[in-house]
>>> print(open('run_25.csv').read())   # CSV, C-alpha atoms
chain,number,residue,atom,x,y,z
A,1,MET,CA,0.0,0.0,0.0
A,2,SER,CA,1.1,3.6,-0.6
A,3,LEU,CA,0.3,7.2,-0.1
A,4,LEU,CA,-0.1,9.4,-3.2
A,5,ILE,CA,0.4,13.1,-2.4
A,6,ALA,CA,-0.9,15.2,-5.3
A,7,GLY,CA,-0.6,19.0,-5.4
A,8,SER,CA,1.7,22.0,-5.8
A,9,ILE,CA,5.5,21.9,-5.9
A,10,ALA,CA,7.2,25.3,-5.9
A,11,THR,CA,10.1,27.4,-4.7
A,12,ASP,CA,9.9,30.7,-2.9
A,13,HIS,CA,12.5,33.4,-3.6
A,14,LEU,CA,12.4,35.9,-0.7
A,15,MET,CA,14.3,39.2,-0.6
A,16,THR,CA,14.6,42.1,1.7
A,17,PHE,CA,15.0,45.8,0.7
A,18,PRO,CA,16.4,47.9,3.6
A,19,GLY,CA,14.6,51.1,2.5
A,20,LYS,CA,11.0,51.9,1.7
A,21,PHE,CA,9.4,51.3,-1.6
A,22,SER,CA,7.3,54.4,-1.2
A,23,ASP,CA,10.5,56.6,-1.3
A,24,SER,CA,11.1,55.5,-4.9
A,25,LEU,CA,7.5,56.0,-6.1
A,26,VAL,CA,6.1,59.2,-7.7
A,27,VAL,CA,2.3,59.0,-7.3
A,28,ASP,CA,1.4,60.9,-10.5
A,29,GLN,CA,3.9,58.9,-12.5
A,30,LEU,CA,2.8,55.4,-11.6
A,31,ASP,CA,1.6,54.8,-15.2
A,32,LYS,CA,5.2,55.1,-16.3
A,33,LEU,CA,6.6,53.0,-13.4
A,34,SER,CA,10.1,51.6,-13.9
A,35,VAL,CA,12.0,51.0,-10.7
A,36,SER,CA,14.5,48.6,-9.3
A,37,PHE,CA,15.6,47.9,-5.7
A,38,LEU,CA,19.0,46.7,-4.4
A,39,VAL,CA,18.2,44.0,-1.9
A,40,GLU,CA,20.4,42.9,0.9
A,41,ASP,CA,19.6,39.2,1.0
A,42,LEU,CA,18.0,36.3,-0.8
A,43,GLU,CA,16.4,33.2,0.7
A,44,VAL,CA,15.4,30.3,-1.6
A,45,ARG,CA,13.0,28.1,0.2
A,46,ARG,CA,11.6,24.8,-0.9
A,47,GLY,CA,7.8,24.7,-0.8
A,48,GLY,CA,4.5,23.7,-2.4
A,49,CYS,CA,1.9,21.9,-0.4
A,50,ALA,CA,2.4,18.4,-1.9
A,51,ALA,CA,6.1,18.6,-1.5
A,52,ASN,CA,5.9,19.9,2.1
A,53,ILE,CA,3.5,17.0,3.1
A,54,SER,CA,5.7,14.5,1.4
A,55,PHE,CA,8.8,15.8,3.2
A,56,GLY,CA,7.0,15.4,6.5
A,57,LEU,CA,5.9,11.8,5.7
A,58,GLY,CA,9.4,11.0,4.6
A,59,ASN,CA,10.8,12.3,7.9
A,60,LEU,CA,8.5,10.0,9.8
A,61,GLY,CA,9.8,7.0,7.9
A,62,LEU,CA,7.2,6.5,5.2
A,63,ARG,CA,7.9,6.7,1.5
A,64,PRO,CA,5.2,8.9,-0.1
A,65,ILE,CA,4.6,9.1,-3.8
A,66,LEU,CA,4.8,12.8,-4.9
A,67,VAL,CA,2.4,13.6,-7.7
A,68,GLY,CA,2.7,17.0,-9.4
A,69,ALA,CA,4.2,18.9,-12.3
A,70,VAL,CA,7.6,20.7,-12.4
A,71,GLY,CA,10.1,22.1,-14.8
A,72,GLU,CA,13.5,20.9,-15.8
A,73,ASP,CA,14.9,23.1,-13.0
A,74,PHE,CA,13.6,20.7,-10.5
A,75,ALA,CA,16.8,18.6,-10.3
A,76,ASP,CA,18.2,20.0,-7.1
A,77,TYR,CA,14.9,20.0,-5.3
A,78,ARG,CA,14.2,16.4,-6.5
A,79,ALA,CA,17.5,15.3,-5.0
A,80,TRP,CA,16.6,16.9,-1.7
A,81,LEU,CA,13.3,15.2,-1.5
A,82,GLU,CA,14.7,11.9,-2.5
A,83,ARG,CA,17.3,12.2,0.3
A,84,HIS,CA,14.3,12.6,2.6
A,85,ASN,CA,12.6,9.4,1.5
A,86,VAL,CA,10.1,10.9,-1.1
A,87,ASP,CA,9.4,8.9,-4.3
A,88,CYS,CA,9.6,11.4,-7.1
A,89,ASP,CA,9.4,9.0,-10.0
A,90,SER,CA,5.9,10.0,-10.9
A,91,VAL,CA,6.5,13.7,-11.0
A,92,HIS,CA,5.6,15.1,-14.4
A,93,VAL,CA,8.5,17.2,-15.9
A,94,SER,CA,7.3,19.9,-18.3
A,95,GLU,CA,9.3,20.4,-21.5
A,96,THR,CA,8.5,24.1,-21.8
A,97,ARG,CA,7.7,25.6,-18.3
A,98,HIS,CA,9.7,26.2,-15.1
A,99,THR,CA,8.7,24.9,-11.7
A,100,ALA,CA,6.2,27.2,-10.0
A,101,ARG,CA,7.8,30.1,-8.2
A,102,PHE,CA,6.9,32.8,-5.8
A,103,VAL,CA,9.2,35.8,-5.9
A,104,CYS,CA,8.8,38.4,-3.2
A,105,THR,CA,10.6,41.5,-1.9
A,106,ASN,CA,9.7,43.1,1.4
A,107,ASP,CA,10.8,46.5,2.5
A,108,ALA,CA,11.6,48.0,5.9
A,109,ALA,CA,8.0,49.0,6.4
A,110,HIS,CA,6.8,45.4,5.6
A,111,ALA,CA,5.3,46.5,2.3
A,112,GLN,CA,5.6,43.7,-0.2
A,113,ILE,CA,6.0,43.4,-4.0
A,114,ALA,CA,5.5,39.9,-5.1
A,115,SER,CA,4.8,37.8,-8.2
A,116,PHE,CA,3.6,34.1,-8.5
A,117,TYR,CA,4.5,32.1,-11.6
A,118,ALA,CA,2.3,29.0,-11.8
A,119,GLY,CA,4.5,27.6,-14.6
A,120,ALA,CA,4.5,23.8,-14.9
A,121,MET,CA,1.8,23.5,-12.3
A,122,SER,CA,-0.8,23.9,-15.1
A,123,GLU,CA,0.3,20.6,-16.5
A,124,SER,CA,-0.8,18.6,-13.5
A,125,ARG,CA,-4.0,18.1,-15.4
A,126,GLU,CA,-2.1,15.8,-17.7
A,127,ILE,CA,-1.3,13.3,-15.0
A,128,GLU,CA,-3.3,10.1,-14.7
A,129,LEU,CA,-3.2,8.3,-11.4
A,130,LYS,CA,-3.7,4.7,-12.6
A,131,PRO,CA,-0.2,4.2,-14.1
A,132,ILE,CA,1.2,5.4,-10.8
A,133,VAL,CA,-0.9,3.0,-8.9
A,134,ASP,CA,0.2,0.2,-11.3
A,135,ARG,CA,3.8,1.0,-10.4
A,136,VAL,CA,3.5,1.4,-6.6
A,137,GLY,CA,0.4,-0.6,-5.7
A,138,GLY,CA,-3.0,0.3,-4.4
A,139,PRO,CA,-3.0,3.5,-2.3
A,140,ASP,CA,-4.0,3.8,1.3
A,141,TYR,CA,-5.0,7.3,0.4
A,142,VAL,CA,-4.7,9.8,-2.4
A,143,LEU,CA,-4.3,13.3,-1.0
A,144,ILE,CA,-5.5,15.9,-3.5
A,145,GLY,CA,-4.0,19.3,-2.4
A,146,PRO,CA,-4.1,22.8,-3.9
A,147,ASP,CA,-2.9,22.7,-7.5
A,148,ASP,CA,-4.1,23.6,-11.0
A,149,PRO,CA,-7.9,23.3,-10.6
A,150,GLU,CA,-8.3,21.2,-13.7
A,151,GLY,CA,-5.7,18.8,-12.3
A,152,MET,CA,-7.4,18.6,-9.0
A,153,LEU,CA,-10.7,17.8,-10.6
A,154,ARG,CA,-9.2,15.1,-12.8
A,155,HIS,CA,-7.5,13.4,-9.8
A,156,THR,CA,-10.7,13.6,-7.8
A,157,ASP,CA,-12.9,12.2,-10.6
A,158,GLU,CA,-10.4,9.4,-11.1
A,159,CYS,CA,-10.4,8.5,-7.4
A,160,ARG,CA,-14.2,8.3,-7.4
A,161,SER,CA,-14.4,6.2,-10.6
A,162,ARG,CA,-11.6,3.8,-9.6
A,163,GLY,CA,-12.5,3.5,-6.0
A,164,TYR,CA,-9.3,5.0,-4.5
A,165,ARG,CA,-9.8,6.5,-1.1
A,166,PHE,CA,-9.1,10.2,-1.4
A,167,VAL,CA,-8.3,13.0,1.0
A,168,ALA,CA,-9.7,16.4,-0.1
A,169,ASP,CA,-7.4,19.3,0.8
A,170,PRO,CA,-8.5,22.2,-1.4
A,171,SER,CA,-6.9,24.8,0.9
A,172,GLN,CA,-5.9,28.0,-1.0
A,173,GLN,CA,-8.2,27.1,-3.9
A,174,LEU,CA,-11.2,27.7,-1.7
A,175,ALA,CA,-10.6,31.5,-1.8
A,176,PHE,CA,-10.7,31.5,-5.6
A,177,GLY,CA,-13.0,28.5,-6.5
A,178,GLU,CA,-16.7,28.8,-6.8
A,179,GLY,CA,-19.4,26.5,-5.3
A,180,PRO,CA,-19.6,24.0,-8.2
A,181,LEU,CA,-15.8,23.4,-8.2
A,182,ILE,CA,-15.6,23.0,-4.4
A,183,ARG,CA,-18.6,20.6,-4.3
A,184,GLN,CA,-16.9,18.4,-6.9
A,185,LEU,CA,-13.6,18.5,-5.0
A,186,ILE,CA,-14.9,17.3,-1.7
A,187,ASP,CA,-17.9,15.1,-2.5
A,188,GLY,CA,-17.1,11.5,-1.6
A,189,ALA,CA,-13.8,12.3,0.2
A,190,HIS,CA,-12.8,9.8,2.9
A,191,ILE,CA,-11.2,12.8,4.8
A,192,LEU,CA,-11.7,16.5,4.3
A,193,PHE,CA,-9.0,18.9,5.7
A,194,SER,CA,-9.5,22.6,6.3
A,195,ASN,CA,-8.8,25.3,8.9
A,196,GLU,CA,-11.6,27.1,10.6
A,197,TYR,CA,-11.8,29.9,8.1
A,198,GLU,CA,-11.8,27.5,5.2
A,199,ALA,CA,-14.6,25.5,6.8
A,200,SER,CA,-16.7,28.6,6.7
A,201,LEU,CA,-15.8,29.2,3.1
A,202,ILE,CA,-16.8,25.6,2.3
A,203,THR,CA,-20.3,25.9,3.8
A,204,GLN,CA,-20.8,29.4,2.3
A,205,LYS,CA,-19.7,28.6,-1.2
A,206,THR,CA,-21.2,25.1,-1.5
A,207,GLY,CA,-24.5,26.1,0.1
A,208,TRP,CA,-24.2,23.0,2.2
A,209,SER,CA,-24.6,23.1,6.0
A,210,THR,CA,-22.1,21.3,8.2
A,211,GLU,CA,-24.4,18.4,8.4
A,212,GLU,CA,-24.7,18.2,4.6
A,213,VAL,CA,-21.0,18.3,4.2
A,214,LEU,CA,-20.7,15.4,6.7
A,215,ASP,CA,-23.3,13.5,4.6
A,216,ARG,CA,-20.7,13.6,1.8
A,217,VAL,CA,-17.4,13.1,3.5
A,218,GLY,CA,-16.2,10.4,6.0
A,219,THR,CA,-14.3,12.6,8.3
A,220,TRP,CA,-13.9,16.4,8.5
A,221,VAL,CA,-10.7,17.5,10.2
A,222,VAL,CA,-10.7,21.2,11.1
A,223,THR,CA,-7.5,22.8,12.4
A,224,LEU,CA,-8.0,25.6,14.9
A,225,GLY,CA,-4.6,27.1,15.3
A,226,ALA,CA,-3.6,27.5,19.0
A,227,ALA,CA,-6.9,26.0,20.0
A,228,GLY,CA,-6.0,22.6,18.5
A,229,VAL,CA,-8.0,20.4,16.2
A,230,ARG,CA,-11.7,19.4,15.8
A,231,ILE,CA,-12.7,16.1,14.1
A,232,GLU,CA,-16.2,15.5,13.0
A,233,ARG,CA,-18.0,12.4,11.7
A,234,LYS,CA,-21.6,12.0,10.9
A,235,GLY,CA,-23.6,10.6,13.9
A,236,GLU,CA,-20.5,10.5,16.2
A,237,GLU,CA,-19.2,12.6,19.0
A,238,THR,CA,-16.9,15.4,18.0
A,239,ILE,CA,-13.2,14.7,18.8
A,240,THR,CA,-11.2,17.6,20.0
A,241,VAL,CA,-7.4,17.5,20.5
A,242,ALA,CA,-5.4,20.3,22.1
A,243,ALA,CA,-2.5,22.0,20.4
A,244,VAL,CA,1.1,21.6,21.7
A,245,PRO,CA,1.7,24.3,24.3
A,246,ASP,CA,4.7,26.6,24.9
A,247,VAL,CA,5.4,27.0,21.2
A,248,GLN,CA,8.2,29.3,20.2
A,249,ALA,CA,6.6,30.5,17.0
A,250,VAL,CA,8.8,31.9,14.3
A,251,GLU,CA,7.1,31.4,10.9
A,252,PRO,CA,3.7,29.8,10.3
A,253,THR,CA,4.1,28.9,6.6
A,254,GLY,CA,3.7,25.2,6.0
A,255,VAL,CA,2.3,24.3,9.5
A,256,GLY,CA,-0.9,22.9,8.0
A,257,ASP,CA,1.1,20.7,5.6
A,258,ALA,CA,3.1,19.2,8.5
A,259,PHE,CA,-0.1,18.5,10.4
A,260,ARG,CA,-1.4,16.6,7.4
A,261,ALA,CA,1.8,14.6,7.2
A,262,GLY,CA,1.6,13.5,10.8
A,263,PHE,CA,-2.1,12.8,10.6
A,264,LEU,CA,-1.8,10.6,7.5
A,265,ALA,CA,1.2,8.8,8.9
A,266,ALA,CA,-0.7,7.8,12.0
A,267,LEU,CA,-3.6,6.5,10.0
A,268,THR,CA,-1.2,4.5,7.8
A,269,TRP,CA,0.0,2.9,11.0
A,270,ASP,CA,-3.6,2.0,11.9
A,271,LEU,CA,-3.7,4.5,14.8
A,272,ASP,CA,-7.0,6.1,15.8
A,273,LEU,CA,-8.1,9.7,14.9
A,274,THR,CA,-7.1,11.1,18.3
A,275,ARG,CA,-3.5,9.8,17.9
A,276,ALA,CA,-3.5,11.0,14.3
A,277,ALA,CA,-4.4,14.6,15.4
A,278,GLN,CA,-1.8,14.5,18.2
A,279,LEU,CA,1.0,13.4,15.9
A,280,GLY,CA,-0.1,16.0,13.4
A,281,CYS,CA,0.0,18.8,16.0
A,282,LEU,CA,3.4,17.6,17.2
A,283,LEU,CA,5.0,17.6,13.7
A,284,ALA,CA,3.4,21.0,13.0
A,285,VAL,CA,5.3,22.5,15.9
A,286,HIS,CA,8.6,21.6,14.2
A,287,VAL,CA,7.7,23.8,11.3
A,288,VAL,CA,6.3,26.8,13.1
A,289,GLU,CA,9.5,27.0,15.2
A,290,GLN,CA,11.7,27.2,12.1
A,291,VAL,CA,12.0,29.5,9.1
A,292,GLY,CA,11.1,27.5,6.0
A,293,THR,CA,8.7,24.6,5.5
A,294,GLN,CA,11.3,21.9,5.1
A,295,GLU,CA,14.1,23.0,7.4
A,296,TYR,CA,13.3,20.9,10.5
A,297,THR,CA,14.9,17.8,11.8
A,298,LEU,CA,13.4,15.3,14.2
A,299,GLY,CA,15.4,14.0,17.2
A,300,ARG,CA,13.9,10.9,18.8
A,301,ALA,CA,14.4,11.8,22.4
A,302,ALA,CA,13.2,15.3,22.2
A,303,PHE,CA,10.3,14.3,19.9
A,304,LEU,CA,9.0,11.7,22.3
A,305,GLN,CA,9.5,13.8,25.4
A,306,ARG,CA,7.4,16.6,23.9
A,307,LEU,CA,4.8,14.0,22.9
A,308,GLU,CA,4.7,12.7,26.4
A,309,ASP,CA,4.6,16.1,28.0
A,310,THR,CA,1.6,17.1,25.9
A,311,TYR,CA,-0.4,14.0,25.3
A,312,GLY,CA,0.8,11.5,27.9
A,313,ALA,CA,2.7,8.2,28.2
A,314,GLU,CA,-0.1,6.2,26.4
A,315,ALA,CA,0.4,8.4,23.3
A,316,VAL,CA,4.2,7.6,23.4
A,317,LYS,CA,3.4,3.9,23.8
A,318,ASP,CA,1.2,3.9,20.7
A,319,ILE,CA,3.4,6.1,18.4
A,320,GLU,CA,7.0,5.2,19.4
A,321,PRO,CA,7.1,1.7,17.8
A,322,HIS,CA,6.5,3.3,14.4
A,323,LEU,CA,9.2,5.9,14.6
A,324,VAL,CA,11.9,3.5,13.3
A,325,THR,CA,13.8,6.1,11.3
A,326,ILE,CA,14.1,8.8,13.9
A,327,ARG,CA,17.4,8.7,15.7
A,328,GLY,CA,19.1,10.5,18.5
>>> encode(input="run_25.csv", output="structure tokens")
Amino acid sequence: MSLLIAGSIATDHLMTFPGKFSDSLVVDQLDKLSVSFLVEDLEVRRGGCAANISFGLGNLGLRPILVGAVGEDFADYRAWLERHNVDCDSVHVSETRHTARFVCTNDAAHAQIASFYAGAMSESREIELKPIVDRVGGPDYVLIGPDDPEGMLRHTDECRSRGYRFVADPSQQLAFGEGPLIRQLIDGAHILFSNEYEASLITQKTGWSTEEVLDRVGTWVVTLGAAGVRIERKGEETITVAAVPDVQAVEPTGVGDAFRAGFLAALTWDLDLTRAAQLGCLLAVHVVEQVGTQEYTLGRAAFLQRLEDTYGAEAVKDIEPHLVTIRG
């Protein structure tokens, strides 16, 4: 069995300008704008939701199958992911487009000038899941994360038609997608992931009530930030799991992706939903306490100690036997 993780693969190029953009802008000449800024640093961060989730799963000892579209500039990123136990053999490589890229410059006043290049991401609609399944075996789950909307729809429809259990994780696409798209992406999902704001977008845009969403998905996992996680299933008691306390937050980007990695890892190990949420929350902390979505490392002793301090000895007893690749 395997985990197929479909979605965005991208890099972020982040720069800092020590002055203020506004000092270089002439308001009545904006229609003739032509400016440049000498930046003092450049950070290139690996990202993309599918890649972030796959990285987390690989760090927990699983070998996820990354499904997405990239450009020929993906070579270094691919090597990084493969070193962290991610199967990249089913990644589609575009012949004409670069890997998706976010380029952003911030100034001293926290103003931002940014551009997003979708690039090869648009070719994810060309990816069929069946040849991947034929190669790696039947999937435990196919997670369908934010990506080219047509690609997301194709993967979702194929999962429904072929009977693959799928996890709906529309995330950022909820802000841009309309009701018909969102309904198609979540209907029939074994698991639906969202944060609390996205949960409101889902009910607002689909026109479905919470109960009607639960008629159509097996489990709805709603992350609540510092308040933890809420898990809802039709006809069953709501499960709530507290977040890890005493977090030294640095940067929140990628926290939700790490949570999903921990949650899916636990389900793959046949642990229950409570343990899945606890492991997800614990892995998420390792992201929020670092700069970058894939810059964390897991040390066994510290990881288990934090797990016990937050969720108790029984949680350690259930999870520890599965952490066979985490050392130190």
>>> atom_distance(input="run_25.csv", atom1="CA of Ala114 (chain A)", atom2="CA of Ala100 (chain A)")
13.6 Å
>>> residues_around(input="run_25.csv", residues="region 47-60 of chain A", least_positions_apart="6", cutoff="6 Å", atoms="all atoms listed in the file", output="list in words")
Ile5, Ala6, Gly7, Ser8, Ile9, Ala10, Thr11, His84, Asn85, Val86, Asp257, Ala258 and Ala261 of chain A
>>> write_last_selection(input="run_25.csv", atoms="C-alpha atoms", output="PDB file, keeping the file's coordinate frame")
ATOM      1  CA  ILE A   5       0.400  13.100  -2.400  1.00  0.00           C
ATOM      2  CA  ALA A   6      -0.900  15.200  -5.300  1.00  0.00           C
ATOM      3  CA  GLY A   7      -0.600  19.000  -5.400  1.00  0.00           C
ATOM      4  CA  SER A   8       1.700  22.000  -5.800  1.00  0.00           C
ATOM      5  CA  ILE A   9       5.500  21.900  -5.900  1.00  0.00           C
ATOM      6  CA  ALA A  10       7.200  25.300  -5.900  1.00  0.00           C
ATOM      7  CA  THR A  11      10.100  27.400  -4.700  1.00  0.00           C
ATOM      8  CA  HIS A  84      14.300  12.600   2.600  1.00  0.00           C
ATOM      9  CA  ASN A  85      12.600   9.400   1.500  1.00  0.00           C
ATOM     10  CA  VAL A  86      10.100  10.900  -1.100  1.00  0.00           C
ATOM     11  CA  ASP A 257       1.100  20.700   5.600  1.00  0.00           C
ATOM     12  CA  ALA A 258       3.100  19.200   8.500  1.00  0.00           C
ATOM     13  CA  ALA A 261       1.800  14.600   7.200  1.00  0.00           C
TER      14      ALA A 261
END
>>> atom_distance(input="run_25.csv", atom1="CA of Gly19 (chain A)", atom2="CA of Asp107 (chain A)")
6.0 Å
>>> residues_around(input="run_25.csv", residues="Gly218 (chain A)", least_positions_apart="3", cutoff="8 Å", atoms="only C-alpha atoms", output="number ranges by chain")
A: 188-192, 214-215, 233-234
>>> closest_residue(input="run_25.csv", among="A:Lys20, A:Arg300, A:Arg275, A:Arg216", to="Ile231 (chain A)", atoms="all atoms listed in the file")
A:Arg275
>>> residues_around(input="run_25.csv", residues="Ser94 (chain A)", least_positions_apart="6", cutoff="7 Å", atoms="all atoms listed in the file", output="MDAnalysis selection string")
chainID A and resid 69:72 120
>>> atom_distance(input="run_25.csv", atom1="CA of Ala108 (chain A)", atom2="CA of Leu42 (chain A)")
14.9 Å
>>> residues_around(input="run_25.csv", residues="Arg45 (chain A)", least_positions_apart="6", cutoff="9 Å", atoms="only C-alpha atoms", output="PDB file with C-alpha atoms, in the coordinates of the input")
ATOM      1  CA  ALA A  10       7.200  25.300  -5.900  1.00  0.00           C
ATOM      2  CA  THR A  11      10.100  27.400  -4.700  1.00  0.00           C
ATOM      3  CA  ASP A  12       9.900  30.700  -2.900  1.00  0.00           C
ATOM      4  CA  HIS A  13      12.500  33.400  -3.600  1.00  0.00           C
ATOM      5  CA  LEU A  14      12.400  35.900  -0.700  1.00  0.00           C
ATOM      6  CA  GLY A 292      11.100  27.500   6.000  1.00  0.00           C
ATOM      7  CA  THR A 293       8.700  24.600   5.500  1.00  0.00           C
ATOM      8  CA  GLN A 294      11.300  21.900   5.100  1.00  0.00           C
ATOM      9  CA  GLU A 295      14.100  23.000   7.400  1.00  0.00           C
TER      10      GLU A 295
END
>>> residues_around(input="run_25.csv", residues="Val35 (chain A)", least_positions_apart="6", cutoff="10 Å", atoms="all atoms listed in the file", output="mmCIF file with C-alpha atoms, in the coordinates of the input")
data_model
loop_
_atom_site.group_PDB
_atom_site.id
_atom_site.type_symbol
_atom_site.label_atom_id
_atom_site.label_comp_id
_atom_site.auth_asym_id
_atom_site.auth_seq_id
_atom_site.Cartn_x
_atom_site.Cartn_y
_atom_site.Cartn_z
ATOM 1 C CA PHE A 21 9.400 51.300 -1.600
ATOM 2 C CA SER A 24 11.100 55.500 -4.900
ATOM 3 C CA LEU A 25 7.500 56.000 -6.100
#
>>> decode(input="run_25.csv", residues="region 97-105 of chain A", atoms="all heavy atoms", output="JSON list (two decimals), in the first residue's frame")
[["chain", "number", "residue", "atom", "x", "y", "z"],
["A", 97, "ARG", "N", 7.98, 24.67, -19.44],
["A", 97, "ARG", "CA", 7.74, 25.59, -18.33],
["A", 97, "ARG", "C", 8.66, 25.29, -17.15],
["A", 97, "ARG", "O", 9.06, 24.16, -16.92],
["A", 97, "ARG", "CB", 6.28, 25.50, -17.86],
["A", 97, "ARG", "CG", 5.25, 25.93, -18.91],
["A", 97, "ARG", "CD", 3.86, 25.79, -18.32],
["A", 97, "ARG", "NE", 2.82, 26.32, -19.20],
["A", 97, "ARG", "CZ", 2.16, 25.59, -20.09],
["A", 97, "ARG", "NH1", 2.43, 24.29, -20.22],
["A", 97, "ARG", "NH2", 1.24, 26.14, -20.85],
["A", 98, "HIS", "N", 8.93, 26.34, -16.37],
["A", 98, "HIS", "CA", 9.70, 26.18, -15.14],
["A", 98, "HIS", "C", 8.78, 25.73, -14.00],
["A", 98, "HIS", "O", 7.56, 25.88, -14.06],
["A", 98, "HIS", "CB", 10.37, 27.50, -14.75],
["A", 98, "HIS", "CG", 11.45, 27.93, -15.69],
["A", 98, "HIS", "ND1", 12.65, 27.27, -15.78],
["A", 98, "HIS", "CD2", 11.53, 28.96, -16.57],
["A", 98, "HIS", "CE1", 13.42, 27.86, -16.68],
["A", 98, "HIS", "NE2", 12.76, 28.89, -17.17],
["A", 99, "THR", "N", 9.40, 25.23, -12.95],
["A", 99, "THR", "CA", 8.68, 24.90, -11.72],
["A", 99, "THR", "C", 8.03, 26.17, -11.16],
["A", 99, "THR", "O", 8.60, 27.27, -11.25],
["A", 99, "THR", "CB", 9.64, 24.31, -10.68],
["A", 99, "THR", "OG1", 10.29, 23.16, -11.25],
["A", 99, "THR", "CG2", 8.91, 23.89, -9.42],
["A", 100, "ALA", "N", 6.86, 26.02, -10.59],
["A", 100, "ALA", "CA", 6.15, 27.17, -10.01],
["A", 100, "ALA", "C", 7.05, 27.92, -9.04],
["A", 100, "ALA", "O", 7.85, 27.32, -8.30],
["A", 100, "ALA", "CB", 4.89, 26.70, -9.30],
["A", 101, "ARG", "N", 6.89, 29.25, -9.03],
["A", 101, "ARG", "CA", 7.80, 30.07, -8.24],
["A", 101, "ARG", "C", 7.10, 31.30, -7.69],
["A", 101, "ARG", "O", 6.34, 31.96, -8.39],
["A", 101, "ARG", "CB", 8.98, 30.50, -9.10],
["A", 101, "ARG", "CG", 10.13, 31.13, -8.35],
["A", 101, "ARG", "CD", 11.37, 31.15, -9.22],
["A", 101, "ARG", "NE", 11.71, 29.78, -9.62],
["A", 101, "ARG", "CZ", 12.52, 29.49, -10.64],
["A", 101, "ARG", "NH1", 13.05, 30.45, -11.37],
["A", 101, "ARG", "NH2", 12.79, 28.23, -10.93],
["A", 102, "PHE", "N", 7.35, 31.57, -6.41],
["A", 102, "PHE", "CA", 6.87, 32.78, -5.75],
["A", 102, "PHE", "C", 8.09, 33.67, -5.51],
["A", 102, "PHE", "O", 9.06, 33.25, -4.87],
["A", 102, "PHE", "CB", 6.20, 32.42, -4.43],
["A", 102, "PHE", "CG", 5.72, 33.59, -3.62],
["A", 102, "PHE", "CD1", 4.68, 34.39, -4.07],
["A", 102, "PHE", "CD2", 6.29, 33.89, -2.39],
["A", 102, "PHE", "CE1", 4.23, 35.47, -3.32],
["A", 102, "PHE", "CE2", 5.85, 34.95, -1.63],
["A", 102, "PHE", "CZ", 4.81, 35.75, -2.09],
["A", 103, "VAL", "N", 8.07, 34.89, -6.06],
["A", 103, "VAL", "CA", 9.18, 35.82, -5.92],
["A", 103, "VAL", "C", 8.66, 37.05, -5.18],
["A", 103, "VAL", "O", 7.71, 37.70, -5.62],
["A", 103, "VAL", "CB", 9.74, 36.23, -7.30],
["A", 103, "VAL", "CG1", 10.90, 37.21, -7.12],
["A", 103, "VAL", "CG2", 10.20, 34.99, -8.08],
["A", 104, "CYS", "N", 9.29, 37.36, -4.06],
["A", 104, "CYS", "CA", 8.75, 38.40, -3.18],
["A", 104, "CYS", "C", 9.86, 39.25, -2.59],
["A", 104, "CYS", "O", 10.89, 38.72, -2.16],
["A", 104, "CYS", "CB", 7.95, 37.73, -2.06],
["A", 104, "CYS", "SG", 7.35, 38.85, -0.80],
["A", 105, "THR", "N", 9.65, 40.56, -2.58],
["A", 105, "THR", "CA", 10.56, 41.48, -1.91],
["A", 105, "THR", "C", 9.77, 42.27, -0.87],
["A", 105, "THR", "O", 8.72, 42.85, -1.17],
["A", 105, "THR", "CB", 11.21, 42.46, -2.90],
["A", 105, "THR", "OG1", 11.88, 41.72, -3.92],
["A", 105, "THR", "CG2", 12.20, 43.37, -2.20]]
